[in-house]
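K.L.:
My structure is in start-v4.cif, and what it holds is mmCIF, C-alpha atoms:
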```
data_upload
loop_
_atom_site.label_atom_id
_atom_site.label_comp_id
_atom_site.auth_asym_id
_atom_site.auth_seq_id
_atom_site.Cartn_x
_atom_site.Cartn_y
_atom_site.Cartn_z
CA MET A 1 0.00 0.00 0.00
CA PHE A 2 2.24 2.78 1.26
CA GLU A 3 5.86 1.69 1.44
CA MET A 4 8.87 3.47 2.89
CA VAL A 5 10.50 3.83 -0.53
CA ASP A 6 7.64 6.13 -1.61
CA VAL A 7 8.52 8.46 1.27
CA PHE A 8 12.15 8.57 0.15
CA LEU A 9 11.08 9.29 -3.44
CA ALA A 10 8.95 12.23 -2.26
CA VAL A 11 11.85 13.55 -0.16
CA GLY A 12 14.22 13.30 -3.13
CA ILE A 13 11.85 15.15 -5.47
CA SER A 14 11.36 17.93 -2.86
CA ILE A 15 15.10 18.39 -2.50
CA GLY A 16 15.48 18.54 -6.29
CA PHE A 17 12.81 21.24 -6.46
CA THR A 18 14.59 23.21 -3.74
CA ILE A 19 17.86 23.04 -5.66
CA LEU A 20 16.06 24.51 -8.69
CA LEU A 21 14.92 27.42 -6.51
CA CYS A 22 18.48 28.14 -5.42
CA LEU A 23 19.70 28.02 -9.02
CA TYR A 24 17.92 31.31 -9.75
CA ARG A 25 20.06 33.12 -7.22
CA ALA A 26 23.21 31.43 -8.54
CA VAL A 27 22.55 32.70 -12.05
CA ARG A 28 21.03 36.08 -11.30
CA GLY A 29 22.56 37.33 -8.05
CA PRO A 30 24.08 40.80 -8.50
CA GLY A 31 27.75 40.36 -7.72
CA VAL A 32 29.98 37.35 -7.18
CA PHE A 33 29.28 36.94 -3.45
CA ASN A 34 25.64 35.99 -3.97
CA GLN A 35 26.70 33.38 -6.50
CA VAL A 36 29.31 31.82 -4.20
CA ALA A 37 26.78 31.64 -1.35
CA ALA A 38 24.19 30.00 -3.63
CA VAL A 39 26.69 27.40 -4.86
CA ASN A 40 27.61 26.56 -1.27
CA VAL A 41 23.93 26.03 -0.43
CA ILE A 42 23.42 23.81 -3.49
CA GLY A 43 26.44 21.73 -2.45
CA THR A 44 25.02 21.22 1.03
CA LYS A 45 21.69 20.09 -0.37
CA VAL A 46 23.42 17.64 -2.73
CA ILE A 47 24.91 15.89 0.31
CA VAL A 48 21.44 15.12 1.66
CA LEU A 49 20.24 14.14 -1.81
CA LEU A 50 23.04 11.54 -1.99
CA VAL A 51 21.94 9.95 1.29
CA THR A 52 18.33 9.82 0.06
CA ILE A 53 19.33 8.19 -3.23
CA GLY A 54 21.29 5.65 -1.24
CA TYR A 55 18.12 4.72 0.58
CA ILE A 56 16.02 4.53 -2.60
CA PHE A 57 18.38 2.12 -4.36
CA GLU A 58 19.30 0.23 -1.13
CA ARG A 59 23.06 0.71 -1.43
CA PRO A 60 24.74 1.73 1.86
CA MET A 61 27.88 2.90 0.02
CA PHE A 62 26.32 6.30 -0.78
CA VAL A 63 26.77 7.49 2.81
CA ASP A 64 30.55 7.28 2.42
CA ILE A 65 30.35 9.27 -0.81
CA ALA A 66 28.22 11.90 0.96
CA LEU A 67 30.78 12.16 3.78
CA LEU A 68 33.55 12.75 1.25
CA TYR A 69 31.58 15.35 -0.69
CA ALA A 70 30.79 17.25 2.51
CA GLY A 71 34.52 17.70 3.06
CA LEU A 72 35.09 18.77 -0.55
CA ASN A 73 32.29 21.36 -0.47
CA PHE A 74 33.59 22.84 2.79
CA VAL A 75 37.15 23.20 1.51
CA GLY A 76 35.96 24.66 -1.80
CA THR A 77 33.91 27.37 -0.10
CA LEU A 78 36.78 28.30 2.21
CA VAL A 79 39.23 28.58 -0.70
CA MET A 80 36.78 30.80 -2.64
CA ALA A 81 36.30 33.06 0.38
CA LYS A 82 40.04 33.39 0.96
CA TYR A 83 40.64 34.22 -2.70
CA LEU A 84 37.91 36.87 -2.78
CA GLU A 85 39.25 38.51 0.36
CA ARG A 86 42.96 38.66 -0.45
CA GLY A 87 43.30 38.21 -4.21
CA GLU A 88 45.59 35.17 -3.82
CA ILE A 89 45.27 31.74 -2.24
CA CYS A 90 48.67 31.22 -0.60
CA SER A 91 51.16 34.02 0.00
CA ALA A 92 54.44 32.29 -0.76
CA MET B 1 2.10 -1.56 7.60
CA LEU B 2 4.51 1.00 9.05
CA GLY B 3 5.73 0.58 12.61
CA ILE B 4 6.06 3.31 15.24
CA GLY B 5 9.75 3.93 14.43
CA ASP B 6 8.86 4.58 10.80
CA ILE B 7 6.20 7.12 11.79
CA ILE B 8 8.68 9.02 13.98
CA SER B 9 11.27 9.08 11.20
CA ILE B 10 8.68 10.37 8.72
CA ILE B 11 7.86 13.22 11.14
CA PHE B 12 11.56 14.15 11.42
CA MET B 13 12.01 14.05 7.66
CA ALA B 14 8.95 16.24 7.07
CA GLY B 15 10.33 18.82 9.51
CA GLY B 16 13.67 18.71 7.74
CA ILE B 17 12.08 19.28 4.33
CA PHE B 18 10.07 22.21 5.71
CA PHE B 19 13.19 23.96 7.02
CA MET B 20 15.14 23.37 3.83
CA VAL B 21 12.36 24.84 1.67
CA THR B 22 12.21 27.81 4.06
CA GLY B 23 15.94 28.37 3.62
CA ALA B 24 15.65 28.39 -0.16
CA VAL B 25 12.64 30.75 -0.09
CA GLY B 26 14.64 33.07 2.18
CA LEU B 27 17.47 33.03 -0.33
CA LEU B 28 15.05 34.37 -2.94
CA ARG B 29 13.03 36.82 -0.86
CA PHE B 30 15.51 38.76 1.27
CA PRO B 31 16.73 42.11 -0.07
CA ASP B 32 20.45 41.99 0.72
CA PHE B 33 23.44 39.64 0.69
CA TYR B 34 23.94 39.61 4.48
CA THR B 35 20.31 38.80 5.23
CA ARG B 36 20.31 36.01 2.65
CA LEU B 37 23.21 34.39 4.44
CA HIS B 38 21.19 34.54 7.64
CA ALA B 39 18.38 32.57 6.04
CA THR B 40 20.49 29.85 4.46
CA GLY B 41 23.28 29.40 7.00
CA LYS B 42 20.88 28.50 9.80
CA CYS B 43 17.65 27.08 8.40
CA ASP B 44 19.60 24.90 6.00
CA THR B 45 21.80 23.42 8.70
CA LEU B 46 18.93 22.59 11.00
CA GLY B 47 16.84 21.14 8.15
CA GLU B 48 19.63 18.81 7.16
CA VAL B 49 20.28 17.70 10.73
CA LEU B 50 16.60 16.85 11.16
CA LEU B 51 16.41 14.96 7.88
CA ILE B 52 19.49 12.84 8.53
CA THR B 53 18.26 12.17 12.07
CA GLY B 54 15.08 10.81 10.50
CA CYS B 55 17.19 8.49 8.32
CA MET B 56 19.15 7.39 11.40
CA ILE B 57 15.97 6.48 13.29
CA PHE B 58 14.73 4.50 10.29
CA GLN B 59 17.96 2.50 10.09
CA GLY B 60 18.23 1.35 13.68
CA TRP B 61 21.43 0.18 15.36
CA SER B 62 24.05 -0.50 12.70
CA PHE B 63 27.30 0.89 11.32
CA VAL B 64 25.43 2.99 8.75
CA SER B 65 23.86 4.93 11.62
CA VAL B 66 27.33 5.68 13.02
CA LYS B 67 28.42 7.05 9.64
CA LEU B 68 25.26 9.16 9.44
CA PHE B 69 26.04 10.51 12.92
CA PHE B 70 29.51 11.53 11.74
CA LEU B 71 27.87 13.29 8.79
CA ILE B 72 25.56 15.21 11.13
CA PHE B 73 28.49 16.22 13.32
CA PHE B 74 30.53 17.39 10.35
CA ILE B 75 27.71 19.43 8.81
CA PHE B 76 27.02 20.99 12.22
CA MET B 77 30.60 22.19 12.51
CA ALA B 78 31.37 23.05 8.89
CA ASN B 79 28.33 25.02 7.70
CA PRO B 80 28.62 27.95 10.17
CA VAL B 81 32.36 28.23 9.53
CA GLY B 82 31.80 28.46 5.75
CA THR B 83 29.03 31.06 6.21
CA HIS B 84 31.23 33.15 8.50
CA ALA B 85 34.21 32.95 6.10
CA ILE B 86 32.30 34.25 3.12
CA MET B 87 30.58 36.96 5.15
CA LYS B 88 33.94 38.17 6.44
CA ALA B 89 35.32 38.27 2.88
CA ALA B 90 32.34 40.34 1.71
CA TYR B 91 32.61 42.76 4.65
CA TYR B 92 36.30 43.45 4.17
CA THR B 93 35.91 43.95 0.42
CA GLY B 94 33.48 46.79 1.02
CA LEU B 95 29.97 45.42 0.46
CA LYS B 96 27.63 47.76 2.30
CA PRO B 97 24.83 46.31 4.47
CA TRP B 98 21.17 47.09 3.84
CA LYS B 99 19.26 49.39 6.16
CA LYS B 100 15.50 49.43 6.50
CA GLY B 101 13.82 51.59 3.87
CA GLU B 102 16.28 51.23 1.01
CA GLU B 103 15.55 49.37 -2.20
CA ARG B 104 16.42 45.74 -3.02
CA ARG B 105 19.88 44.79 -4.20
CA MET C 1 58.72 7.04 25.52
CA MET C 2 55.82 8.70 23.76
CA LYS C 3 53.85 11.52 25.26
CA ARG C 4 50.35 10.98 26.56
CA SER C 5 48.79 13.22 23.96
CA THR C 6 50.28 11.14 21.11
CA VAL C 7 48.80 7.93 22.51
CA ALA C 8 45.43 9.66 22.96
CA ILE C 9 45.40 10.89 19.36
CA PHE C 10 46.38 7.42 18.10
CA ILE C 11 43.51 5.82 20.00
CA VAL C 12 41.05 8.38 18.62
CA MET C 13 42.24 7.79 15.04
CA PHE C 14 42.05 4.01 15.40
CA VAL C 15 38.56 4.10 16.87
CA PHE C 16 37.47 6.33 13.99
CA TRP C 17 38.89 3.81 11.49
CA VAL C 18 37.13 0.90 13.15
CA LEU C 19 33.83 2.76 13.15
CA LEU C 20 34.13 3.62 9.48
CA SER C 21 35.21 0.23 8.16
CA ALA C 22 32.85 -2.00 10.19
CA CYS C 23 35.35 -4.69 11.15
CA ILE C 24 34.23 -5.71 14.65
CA LYS C 25 31.48 -8.08 15.69
CA PRO C 26 28.66 -5.99 17.25
CA LEU C 27 26.40 -3.65 15.23
CA GLN C 28 26.29 -6.01 12.20
CA GLY C 29 29.94 -5.96 11.16
CA HIS C 30 32.26 -8.67 9.83
CA TYR C 31 35.47 -9.39 11.71
CA ASP C 32 38.44 -9.13 9.34
CA HIS C 33 42.03 -9.11 10.65
CA ILE C 34 43.54 -7.57 7.52
CA ARG C 35 41.44 -4.42 8.01
CA ILE C 36 42.57 -4.11 11.62
CA VAL C 37 46.26 -4.34 10.68
CA VAL C 38 45.83 -1.78 7.90
CA GLY C 39 43.94 0.37 10.39
CA ILE C 40 46.84 0.35 12.84
CA ILE C 41 49.27 1.37 10.09
CA CYS C 42 47.05 4.19 8.80
CA ALA C 43 46.33 5.48 12.32
CA ALA C 44 50.07 5.56 13.03
CA ILE C 45 50.75 7.55 9.86
CA ALA C 46 47.94 10.01 10.60
CA THR C 47 49.13 10.48 14.19
CA SER C 48 52.71 11.16 13.18
CA VAL C 49 51.59 13.82 10.72
CA SER C 50 49.15 15.71 12.96
CA ARG C 51 50.66 15.22 16.37
CA ASP C 52 50.61 18.76 17.76
CA LEU C 53 47.53 20.18 16.10
CA LEU C 54 44.68 19.29 18.43
CA ILE C 55 46.24 18.96 21.91
CA THR C 56 48.78 21.71 22.25
CA GLY C 57 49.87 21.20 25.84
CA LYS C 58 48.86 24.68 26.95
CA GLU C 59 45.50 23.57 28.33
CA ASP C 60 44.93 22.09 31.78
CA MET C 61 41.96 20.46 33.46
CA THR C 62 40.75 19.27 30.05
CA LEU C 63 38.61 16.48 31.49
CA ARG C 64 36.45 18.83 33.50
CA LYS C 65 36.17 21.22 30.58
CA THR C 66 35.07 18.38 28.28
CA LEU C 67 32.38 17.29 30.74
CA ARG C 68 31.05 20.82 31.03
CA LEU C 69 31.08 21.14 27.26
CA LEU C 70 28.99 17.98 26.96
CA LEU C 71 26.47 19.51 29.36
CA TYR C 72 26.41 22.80 27.42
CA ILE C 73 25.52 21.18 24.09
CA PRO C 74 21.86 20.17 24.84
CA TRP C 75 21.01 23.71 26.01
CA GLU C 76 22.49 25.08 22.82
CA LEU C 77 20.56 22.59 20.65
CA TRP C 78 17.32 23.65 22.30
CA GLN C 79 18.14 27.33 21.68
CA ILE C 80 18.89 26.58 18.02
CA VAL C 81 15.56 24.79 17.46
CA LEU C 82 13.60 27.53 19.24
CA ALA C 83 15.17 30.41 17.37
CA ASN C 84 15.01 28.71 13.94
CA PHE C 85 11.23 28.87 14.20
CA ASP C 86 11.70 32.62 14.60
CA VAL C 87 13.68 32.89 11.37
CA ALA C 88 11.14 30.71 9.54
CA TYR C 89 8.41 33.08 10.73
CA ARG C 90 10.36 36.07 9.42
CA VAL C 91 10.91 34.45 6.03
CA LEU C 92 7.34 33.32 5.42
CA HIS C 93 5.57 36.42 6.75
CA PRO C 94 4.14 38.51 3.88
CA LYS C 95 5.58 41.75 5.24
CA MET C 96 9.04 40.36 6.16
CA PRO C 97 9.79 42.21 9.46
CA ILE C 98 13.57 42.52 9.43
CA ASP C 99 15.79 45.41 10.56
CA PRO C 100 19.45 44.48 10.13
CA ARG C 101 22.30 46.22 11.90
CA ILE C 102 25.94 45.61 12.83
CA ILE C 103 26.97 45.59 16.52
CA GLU C 104 30.27 45.21 18.30
CA PHE C 105 31.07 44.07 21.83
CA ASP C 106 33.95 42.91 24.06
CA THR C 107 34.27 39.74 26.08
CA THR C 108 36.85 38.51 28.57
CA LEU C 109 37.43 35.12 26.87
CA ARG C 110 40.97 34.70 25.58
CA SER C 111 41.73 31.07 24.72
CA ASP C 112 41.26 29.67 21.20
CA PHE C 113 38.67 27.03 22.07
CA ALA C 114 36.49 29.47 24.00
CA LEU C 115 36.49 32.09 21.23
CA THR C 116 35.71 29.46 18.59
CA THR C 117 32.85 27.96 20.64
CA LEU C 118 31.30 31.38 21.20
CA ALA C 119 31.65 32.36 17.53
CA ASN C 120 30.05 29.08 16.40
CA SER C 121 27.21 29.47 18.89
CA ILE C 122 26.56 33.03 17.75
CA THR C 123 26.46 31.89 14.11
CA LEU C 124 24.16 28.96 14.85
CA THR C 125 21.52 30.78 16.91
CA PRO C 126 19.39 32.63 14.39
CA GLY C 127 19.44 36.36 14.42
CA THR C 128 23.20 36.86 14.52
CA ILE C 129 26.27 35.94 12.47
CA THR C 130 29.89 36.56 13.54
CA ILE C 131 31.84 38.69 11.10
CA ASP C 132 35.20 39.10 12.80
CA VAL C 133 37.00 38.20 16.02
CA GLU C 134 40.06 39.91 17.52
CA PRO C 135 41.88 37.48 19.82
CA GLU C 136 43.84 40.11 21.78
CA ARG C 137 40.91 42.01 23.18
CA GLY C 138 38.15 39.45 22.67
CA ARG C 139 36.20 41.82 20.47
CA PHE C 140 33.37 40.41 18.34
CA LEU C 141 31.89 42.08 15.26
CA VAL C 142 28.39 40.71 14.73
CA HIS C 143 25.66 41.25 12.12
CA ALA C 144 22.17 41.02 13.63
CA ILE C 145 18.93 40.71 11.71
CA ALA C 146 16.48 42.20 14.25
CA SER C 147 16.67 44.23 17.41
CA LYS C 148 15.38 41.36 19.57
CA ALA C 149 18.28 39.10 18.62
CA ALA C 150 20.82 41.88 19.03
CA ASP C 151 19.56 42.72 22.52
CA ALA C 152 19.85 39.10 23.60
CA LEU C 153 23.59 39.33 22.96
CA LEU C 154 24.27 42.87 24.12
CA VAL C 155 22.03 43.27 27.15
CA ASP C 156 21.37 39.80 28.59
CA GLN C 157 24.71 38.14 27.78
CA THR C 158 23.54 34.68 28.73
CA MET C 159 25.62 32.97 26.04
CA GLN C 160 28.88 34.64 27.05
CA LYS C 161 28.38 33.70 30.69
CA LYS C 162 27.67 30.08 29.84
CA VAL C 163 30.72 29.73 27.58
CA ALA C 164 32.90 31.37 30.23
CA HIS C 165 31.56 28.88 32.74
CA VAL C 166 32.43 25.96 30.46
CA TYR C 167 36.01 27.05 29.82
CA MET C 168 36.50 28.35 33.35
CA GLU C 169 37.49 31.92 32.56
CA GLU C 170 36.39 34.73 34.76
CA GLY C 171 33.50 36.99 33.85
CA GLY C 172 32.29 36.82 30.26
CA GLY C 173 30.68 40.20 30.01
CA GLU C 174 31.89 43.54 28.82
#
```
What is this structure when it is put down as structure tokens?
P.N.:
Amino acid sequence: MFEMVDVFLAVGISIGFTILLCLYRAVRGPGVFNQVAAVNVIGTKVIVLLVTIGYIFERPMFVDIALLYAGLNFVGTLVMAKYLERGEICSA
Amino acid sequence: MLGIGDIISIIFMAGGIFFMVTGAVGLLRFPDFYTRLHATGKCDTLGEVLLITGCMIFQGWSFVSVKLFFLIFFIFMANPVGTHAIMKAAYYTGLKPWKKGEERR
Amino acid sequence: MMKRSTVAIFIVMFVFWVLLSACIKPLQGHYDHIRIVVGIICAAIATSVSRDLLITGKEDMTLRKTLRLLLYIPWELWQIVLANFDVAYRVLHPKMPIDPRIIEFDTTLRSDFALTTLANSITLTPGTITIDVEPERGRFLVHAIASKAADALLVDQTMQKKVAHVYMEEGGGE
């Protein structure tokens, strides 16, 4: 009748719709700071989308991939912020 | 039919989805860069924590739940630091904050 | 021999490996001795690289501070949930009642951990985001979204007092 995999499908579609909403600010936002913030938000939502897809297809390996991508998104945002503040990444 | 643990995890996941949609709507509606970071940096983090907690309750006691707990812990620590870093970069490059009564930027 | 902090970091790294690779019996894992040997080697490499990053040797009474930190976290989680409903109300209201401003205040916290915990708590409770911290004078530059949230930091100062109590520094107010 009403299985658990239907709930995960609905959650996944809602997250996809939310990512589309954030895409407007990533394209339109006046200035580069709005775009960097929107890309950071999209990256955070992709982490949760990976976990949900792992539950839909019944593969527990997707949680490890989500953990790795969380680290990558964090480091990417920090590097962008440092570059926008100083004009260079490492002062050698 | 669904057990009681499944019902509780569905409630957590619904709360998580509500906060994530609120964060995205705030990103569209607010008039300035600093206020948009307010909406996403907090509502987004809490929405994700609630959603992954719902997944943890659904799974039960296993190693996948431990990995999901590490994910929650990491998102809890990393999201505010990223928000603060980009706000500091915008402030020291000269982006002016929005006062009440001005027009949208 | 080796210092106590090195052994502590090695144990933490090894426990993290075991939890990630599922190689012990309880919690539905499979026991596999090759993974445990590889885990010991990788934990040793990671410890030798990052030996003096987390535990610097300048802190004392860390056990009591850790226990007080574990008691501080549930109060903070409750504050986060309560105040996120406030931000959701401000976003979804048709008139959007916001009134942003930038405020600045001093604290008497000086150690790295205490300043970081307070900055993270300020960023997580809705209404305020930390912009900058000066470690010499403990000065915080904060962007607030409404006057109610700004007053909770400037006038009441409950969060500063609680963080000062956790890290056992005196005062906490300006």
K.L.:
Go ahead and compute the interatomic distance for CA of Ala44 in chain C and CA of Met13 in chain C, in Å to one decimal.
P.N.:
8.4 Å
K.L.:
On this structure, the PyMOL selection byres ((chain C) within 9 of (chain B)) would catch which residues? List them as a PyMOL selection string, sorted by chain and number.
P.N.:
chain C and resi 19-22+26-29+80-81+84-85+87-88+90-92+96+98-102+120-121+123-132+143-145
K.L.:
In file coordinates, which residues lie within 9 Å of (14.0, 11.1, 10.2) using only C-alpha atoms, given as a PyMOL selection string?
P.N.:
chain B and resi 6-16+50-58
K.L.:
Can you work out which one of A:Ile89, A:Leu78, A:Met61, A:Val32 has the shortest atom-to-atom distance to chain C, counting all atoms listed in the file?
P.N.:
A:Met61
K.L.:
Can you work out which one of A:Val5, A:Ile47, A:Cys90, A:Cys22 has the shortest atom-to-atom distance to chain B, counting all atoms listed in the file?
P.N.:
A:Cys22
K.L.:
What do you get, as a PDB file with C-alpha atoms, in the frame of the given file, if you spell out every residue that the PyMOL selection byres ((chain A) within 12 of (chain C)) selects here?
P.N.:
```
ATOM      1  CA  MET A  61      27.880   2.900   0.020  1.00  0.00           C
ATOM      2  CA  VAL A  63      26.770   7.490   2.810  1.00  0.00           C
ATOM      3  CA  ASP A  64      30.550   7.280   2.420  1.00  0.00           C
ATOM      4  CA  LEU A  67      30.780  12.160   3.780  1.00  0.00           C
TER       5      LEU A  67
END
```
K.L.:
Enter the distance from CA of His165 in chain C to CA of Val12 in chain C, in Å, rounded to one decimal.
P.N.:
26.6 Å
K.L.:
Counting only C-alpha atoms, collect the residues of chain A whose closest atom lies at most 9 Å from chain B, and write them out as a PyMOL selection string.
P.N.:
chain A and resi 1-4+7+11+14-15+17-19+21-22+24-25+29-30+33-34+36-38+40-41+44-45+48+51-52+55+60+63-64+66-67+70-71+74-75+77-78+80-86
K.L.:
Range 67-72 of chain A, all listed atoms, 6 Å padding on each side: what axis-aligned box centre and edge lengths in Å to one decimal come out, as AutoDock Vina command-line options?
P.N.:
```
--center_x 32.9 --center_y 15.5 --center_z 1.5 --size_x 16.3 --size_y 18.6 --size_z 16.5
```
